[in-house]
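Structure record follows, encoded as structure tokens.
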Amino acid sequence: MPDGKEVTTAQADVWDAVKSSRAIAARVNAELIDLGMLQQASDDAVVELVSFDSEAGKEIYRHSTSHILAHAVKELFPDAKPAIGPATEDGFYYDFDRDIPFTPEDLLKIEKKMQEIIKANTPFVRKDISRLDAIELFKKSGDTYKVEILEGIDAENVSLYEENGFVDLCRGPHIQRTGRIKAFKLLSIAGAYWRGDSNNKMLQRIYGTAFETKDDLKAYLDFLEEVKKRDHRRLGRELDLFSFDENIGAGLILWHPNGSIMRKTIEDFWRDEHIKADYHILFTPHIAQLKLWEQSGHWEFYRDSMYDPMQIDNVAYELKPMNCPFHISIYKSSLRSYRNLPIRYAELGTVYRYEKSGVLHGLLRVRGFTQDDAHIFCREDQIEDEIQNILNFTLFVLNTFGFEKYDIYLSTQPEKFVGTPEIWERSTDALKKALDARGLSYQVDEGGGAFYGPKIDIKIKDALNRSWQCSTIQVDFNNPERFDLGYRGSDGAEHRPIMIHRALMGSLERFFGILIEHYAGIFPLWLAPMQVSVLTIAERHTEYAAEIVAALKSAGIRAEINADNEKIGYKIREATLRKVPYLAIIGDKEAEEKKITVRKRDGENIGPFTTAEFIGIIVEEIKRRK
RNA sequence: GCCGGGAUAGCUCAGUGGUAGAGCAGCUCACUCGUAAUGAGCAGGCCGAGGGUUCAAGUCCCUUUCCCGGCUCCA
């Protein structure tokens with residue numbers, strides 16, 4: 001039962017329970033079935049009712065809505081061939097093959113037709129037939145995609161669901177009647193390859209979502225609105241942080257003054273903390289000879305997303321897509337002994353990758369970006385300690401930027417790999433131990449490691465509970481081999497070091513985009529591009545206000561004066577829209593008492609303070625980075 | 001890269017083959033004002049770029065750049 005109660009299938013009891021519940025389907029002996037099939041369950045079966053509250057329930061509910069969508073499309077556009085229509089995490093979609101593209105107006109028509117189908121409240125009827133009969137049936141109706149699916153199914157029998165004359169191939173289960181759908185909305189139209197393969201035909205996908213109540217649907221649509229409001233591309237323009245220019249090129253970012261000062265703040269923090277954590281900060285070139293990436297193997301694997309090499313003095317040069325070969329070269333610039341290890345090199349290294357035009361997306365997917373990269377060269381026996389250090393360091397950095405929830409994944413040896421199984425086992429074990437030592441729970445992605453070593457990925461959750469993968473820690477057995485790295489051991493012999501690649505933010509640009517959305521542009525004081533705006537009431541206050549700004553600036557605070565010929569309400573509004581954390585308001589009272597009245601971003605008034613008191617408060621808050 | 005939709009003033013957008021518009025922002029002037037928009041005036045455009053159809057193109061057609069929603073991809 002949804003409430004956790006289990007009952008036996010004395011039919012009458014079960015039906016009473018179903019009637020008084022919001023059940024959508026049932027799970028009998030762990031198998032999901034239609035409610036209508038409950039009668040066939042044996043008396044000793046364990047029955048659980050599945051409602052919309054469960055993932056399975058949502059999926060069935062939304063999948064049924066997608067059937068209704070297909071039914072409506074079929075009625076309105078008989079030339080459209082249905083392909084597949086599953087539920088997704090927060091909705092559903094259905095793919096159709098049709099020569100004429102659907103328009104937003106079509107969507108409204110389809111919604112209307114769906115309402116009619118729901119209102120008719122006809123039952124979903126399951127039919128079990130042989131696979132071959134089903135193929136015949138769909139061949140007759142010209143449903144070539146269904147035929148193709150059936151041809152790929154490895155079973156004697158399949159099930160069909162029919163609802164008021166509309167038949168679809170489906171494993172089920174479904175809701176009992178179309179009237180069960182209480183709230184749905186079609187959201188968008190997009191292209192999608194048949195079976196997700198870019199060699200296949202492009203179909204038209206209609207996205208939608210469905211909920212059990214109108215209120216829940218509204219809450220979801222409100223959430224989508226909130227996502228839109230926080231869109232870093234929109235806030236990036238509104239807060240004048242960055243832009244793109246058609247004349248410069250797709251996926252190439254222009255950092256405006258406001259964005260740049262924030263980036264500088266982030267970079268300063270990053271570099272300072274790395275130096276404290278015994279990393280060496282590096283700078284390396286943006287282009288280098290192609291042979292470096294031939295040697296690293298990147299050219300072989302990622303040629304498609306690397307820019308074409310350029311010929312310079314008859315030598316092929318390449319815009320760098322990765323920083324590792326440079327760090328490796330620095331490692332190799334001197335003989336290393338076991339006493340030197342670990343050596344930690346860190347760089348905010350800007351790399352260029354040719355991303356397909358269609359995937360570019362604001363700051364989140366670009367063609368030029370800066371990795372907060374580090375490479376650690378260590379002995380095998382140092383891996384565990386190093387990973388532990390990195391984990392602590394990573395979580396500290398993520399916390400500082402306001403991310404406190406994350407999912408951690410450990411990826412293990414894939415089918416194709418370099419190195420020996422023994423070293424894979426030992427280092428994977430070291431990663432596990434490091435995670436356990438920090439008391440971090442994680443999921444294991446079996447076989448999900450890169451060919452060159454196991455890795456730990458950390459996905460952060462933002463204020464809207466959306467997941468973003470930023471941090472990655474990867475052990476590398478490949479590059480030390482390819483670049484013939486060595487160190488002199490205590491035994492006097494030459495040994496091969498292990499490399500650990502690691503990024504905390506991943507890409508500075510992308511992380512910045514995520515930060516914008518996480519904070520909705522309302523940045524904590526230490527990051528805010530303008531920290532204090534000093535607003536004058538009238539012209540005669542300009543002089544005192546300028547004194548305050550000068551004092552704030554000399555204390556390292558980002559401050560400005562707004563002595564414009566405007567009313568105070570206007571100035572407050574203007575600064576509030578720019579999300580300036582503190583507004584100092586200067587009028588006769590303040591000028592006379594040599595004090596400052598302060599209005600916080602949320603509208604709260606504090607003070608009055610002397611300039612020194614106010615500076616103390618601000619500096620302290622900046623220091624705490626909260 | 002693929003499918004679909006777009007690009008008009010700094011921003012948000014209207015303009016269905018016949019004289020390029022609005023609001024906000026900007027500038028000027030007046031008001032010197034106490035916690036989210038004072039009023040008036042002015043200026044602002046190669047209608048993304050290139051080609052074509054037409055007496056006439058922001059509007060129709062082709063090419064191209066860039067953007068948006070997805071798909072595929074992401075060291």
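In the structure tokens, the first chain shown is A, the next is B, and so on; residue numbers restart at 1 for each chain, and ligands run from 1 in the order shown.
The neighbours of range 57-69 of chain B here are the residues that come within 9 Å of it, using only C-alpha atoms (C1' of nucleotides) and leaving out any residue fewer than 6 positions away in the same chain; they are Ser188, Ile189, Ala190, Gly191, Asp245, Glu246, Asn247, Gly249 and Ala250 of chain A; G4, G5, G6, A7, U8, G15, U16, G17, A20, C47, G48, A49, G50 and G51 of chain B.
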Against chain A, which residues of chain B fall within 8 Å? For each one I want the closest pair of atoms and the distance in Å (one decimal), counting only C-alpha atoms (C1' of nucleotides), rows by chain and increasing residue number, as a Markdown table.
| residue | atom | partner | partner_atom | distance |
| --- | --- | --- | --- | --- |
| B:G1 | C1' | A:Lys356 | CA | 6.2 |
| B:C2 | C1' | A:Ser198 | CA | 7.1 |
| B:C3 | C1' | A:Gly191 | CA | 4.4 |
| B:G4 | C1' | A:Ala190 | CA | 6.2 |
| B:U32 | C1' | A:Ala538 | CA | 5.3 |
| B:C33 | C1' | A:Lys567 | CA | 5.8 |
| B:G34 | C1' | A:Ile537 | CA | 6.8 |
| B:U35 | C1' | A:Gly569 | CA | 6.1 |
| B:A36 | C1' | A:Arg573 | CA | 4.0 |
| B:A37 | C1' | A:Tyr570 | CA | 5.8 |
| B:U38 | C1' | A:Lys567 | CA | 7.6 |
| B:U65 | C1' | A:Glu246 | CA | 7.0 |
| B:C66 | C1' | A:Glu246 | CA | 5.1 |
| B:G69 | C1' | A:Ala190 | CA | 6.3 |
| B:G70 | C1' | A:Ala190 | CA | 4.5 |
| B:C71 | C1' | A:Ala192 | CA | 4.2 |
| B:U72 | C1' | A:Ser198 | CA | 5.5 |
| B:C73 | C1' | A:Lys356 | CA | 7.9 |
| B:A75 | C1' | A:His298 | CA | 7.0 |
Residue selection dump (N, CA, C and O atoms (P, O5', C5', C4', C3', O3' and C1' of nucleotides)) as a compact mmCIF listing (two decimals), in the first residue's frame:
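This is the output file part-v7.txt:
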# COMPACT_ATOMS: atom_id res chain seq x y z
P G B 1 28.40 23.80 -37.81
O5' G B 1 27.93 22.29 -37.86
C5' G B 1 28.39 21.47 -38.93
C4' G B 1 27.76 20.13 -38.79
C3' G B 1 26.25 20.11 -38.85
O3' G B 1 25.79 20.04 -40.19
C1' G B 1 26.98 18.86 -36.98
P C B 2 24.41 20.71 -40.62
O5' C B 2 23.33 19.77 -39.94
C5' C B 2 23.15 18.42 -40.37
C4' C B 2 22.03 17.79 -39.60
C3' C B 2 20.77 18.62 -39.50
O3' C B 2 19.95 18.46 -40.65
C1' C B 2 21.33 17.85 -37.35
P C B 3 19.02 19.66 -41.15
O5' C B 3 17.79 19.63 -40.13
C5' C B 3 16.86 18.57 -40.16
C4' C B 3 15.83 18.76 -39.07
C3' C B 3 15.19 20.14 -39.03
O3' C B 3 14.14 20.26 -39.97
C1' C B 3 15.82 19.51 -36.85
P G B 4 13.80 21.69 -40.59
O5' G B 4 13.22 22.51 -39.36
C5' G B 4 11.88 22.29 -38.94
C4' G B 4 11.62 23.01 -37.65
C3' G B 4 11.74 24.53 -37.70
O3' G B 4 10.61 25.13 -38.28
C1' G B 4 12.81 23.71 -35.76
P U B 32 14.19 73.58 -5.71
O5' U B 32 14.83 72.23 -5.19
C5' U B 32 14.18 71.42 -4.23
C4' U B 32 15.19 70.46 -3.62
C3' U B 32 16.21 71.12 -2.69
O3' U B 32 16.50 70.25 -1.61
C1' U B 32 17.32 69.94 -4.40
P C B 33 15.60 70.19 -0.37
O5' C B 33 15.15 68.67 -0.45
C5' C B 33 13.80 68.33 -0.16
C4' C B 33 13.37 67.17 -1.01
C3' C B 33 13.95 65.81 -0.65
O3' C B 33 12.91 64.87 -0.54
C1' C B 33 14.02 66.16 -2.97
P G B 34 12.47 64.39 0.89
O5' G B 34 13.47 63.19 1.13
C5' G B 34 13.45 62.06 0.25
C4' G B 34 13.77 60.82 1.04
C3' G B 34 12.76 60.50 2.14
O3' G B 34 12.71 59.10 2.29
C1' G B 34 14.87 60.86 3.10
P U B 35 11.29 58.29 2.20
O5' U B 35 11.69 56.88 1.57
C5' U B 35 12.11 56.79 0.21
C4' U B 35 12.87 55.50 0.01
C3' U B 35 12.20 54.29 0.64
O3' U B 35 12.49 53.17 -0.17
C1' U B 35 14.34 54.56 1.54
P A B 36 11.40 52.33 -0.96
O5' A B 36 12.19 51.97 -2.30
C5' A B 36 12.64 53.02 -3.15
C4' A B 36 12.36 52.65 -4.59
C3' A B 36 10.90 52.33 -4.89
O3' A B 36 10.62 52.70 -6.22
C1' A B 36 12.21 50.44 -5.31
P A B 37 9.46 53.74 -6.52
O5' A B 37 10.10 54.85 -7.42
C5' A B 37 11.43 54.78 -7.91
C4' A B 37 11.55 55.68 -9.11
C3' A B 37 10.33 56.54 -9.42
O3' A B 37 10.74 57.61 -10.24
C1' A B 37 10.54 54.92 -11.07
P U B 38 11.26 58.99 -9.72
O5' U B 38 10.28 60.05 -10.40
C5' U B 38 9.00 60.29 -9.85
C4' U B 38 8.60 61.72 -10.15
C3' U B 38 8.52 62.04 -11.64
O3' U B 38 7.32 61.60 -12.23
C1' U B 38 9.68 63.75 -10.51
P U B 65 28.15 30.26 -41.82
O5' U B 65 28.10 31.52 -40.83
C5' U B 65 29.21 32.39 -40.71
C4' U B 65 28.84 33.56 -39.83
C3' U B 65 28.30 33.19 -38.46
O3' U B 65 29.34 32.95 -37.53
C1' U B 65 26.89 34.80 -39.44
P C B 66 29.15 31.89 -36.37
O5' C B 66 28.11 32.60 -35.39
C5' C B 66 28.50 33.70 -34.59
C4' C B 66 27.28 34.39 -34.04
C3' C B 66 26.36 33.53 -33.17
O3' C B 66 26.84 33.39 -31.85
C1' C B 66 25.05 34.76 -34.69
P G B 69 18.09 27.96 -24.82
O5' G B 69 16.97 27.02 -25.44
C5' G B 69 15.60 27.25 -25.16
C4' G B 69 14.79 26.15 -25.79
C3' G B 69 15.41 24.77 -25.67
O3' G B 69 15.12 24.20 -24.42
C1' G B 69 14.71 25.13 -27.91
P G B 70 16.06 23.08 -23.79
O5' G B 70 15.60 21.81 -24.61
C5' G B 70 16.53 20.83 -24.99
C4' G B 70 15.91 20.04 -26.10
C3' G B 70 16.80 18.92 -26.58
O3' G B 70 16.58 17.76 -25.79
C1' G B 70 16.10 20.21 -28.42
P C B 71 17.80 16.82 -25.40
O5' C B 71 18.16 16.17 -26.82
C5' C B 71 17.23 15.33 -27.46
C4' C B 71 17.79 14.88 -28.79
C3' C B 71 19.21 14.32 -28.73
O3' C B 71 19.22 12.97 -28.32
C1' C B 71 19.05 15.85 -30.51
P U B 72 20.43 12.42 -27.41
O5' U B 72 21.68 12.51 -28.39
C5' U B 72 21.87 11.54 -29.43
C4' U B 72 23.05 11.94 -30.28
C3' U B 72 24.38 12.10 -29.53
O3' U B 72 25.02 10.87 -29.29
C1' U B 72 24.06 13.95 -30.95
P C B 73 25.82 10.66 -27.92
O5' C B 73 27.01 11.73 -28.02
C5' C B 73 28.07 11.56 -28.95
C4' C B 73 28.96 12.77 -28.94
C3' C B 73 29.64 13.08 -27.61
O3' C B 73 30.79 12.28 -27.39
C1' C B 73 28.75 15.07 -28.50
P A B 75 34.55 13.89 -21.63
O5' A B 75 36.06 14.14 -21.19
C5' A B 75 36.90 13.04 -20.96
C4' A B 75 38.32 13.51 -21.13
C3' A B 75 38.61 14.88 -20.53
O3' A B 75 38.87 14.78 -19.15
C1' A B 75 39.49 14.78 -22.71
*So which residues touch C11 in chain B within 12 Å, counting only C-alpha atoms (C1' of nucleotides), skipping near sequence neighbours fewer than 3 positions away, as a count of residues only?*
9
*DSSP helix (DSSP H, G or I) selection over range 93-290 of chain A, as a PyMOL selection string*: chain A and resi 104-120+131-140+144-152+178-180+194-196+214-230+232-238+257-276
*Would you list, as a PyMOL selection string, the residues of range 171-372 of chain A that end up in strand (DSSP E or B) under DSSP run on this structure's backbone?*
chain A and resi 177+183-193+202-211+242-243+254-255+280-281+287-289+310-312+315-319+337+343-352+361+365+368-372
*Can you pull out every residue within 12 Å of Gln413 in chain A, counting only C-alpha atoms (C1' of nucleotides), but drop anything in the same chain fewer than 4 positions away, and send it as a list in words?*
Phe417, Val418, Gly419, Thr420, Pro421, Glu422, Ile423, Trp424, Glu425, Arg426, Ser427, Thr428, Asp429, Val444, Asp445, Glu446, Gly447, Gly448, Gly449, Ala450, Phe451, Tyr452, Gly453, Pro454, Lys455, Gln474, Val475, Asp476 and Phe477 of chain A
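Coordinates place CA of Cys378 in chain A at a distance of 5.3 Å from CA of Ile498 in chain A.
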*Provide the CA of Ile622 in chain A to CA of Ile561 in chain A distance in Å, to one decimal place.*
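Result for CA of Ile622 in chain A versus CA of Ile561 in chain A: 19.9 Å, one decimal.
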_Which residue of A:Trp293, A:Tyr345, A:Phe283, A:Trp526 approaches Thr400 in chain A most closely, using only C-alpha atoms_ =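 Ranking A:Trp293, A:Tyr345, A:Phe283, A:Trp526 by distance to Thr400 in chain A, first place goes to A:Trp526.
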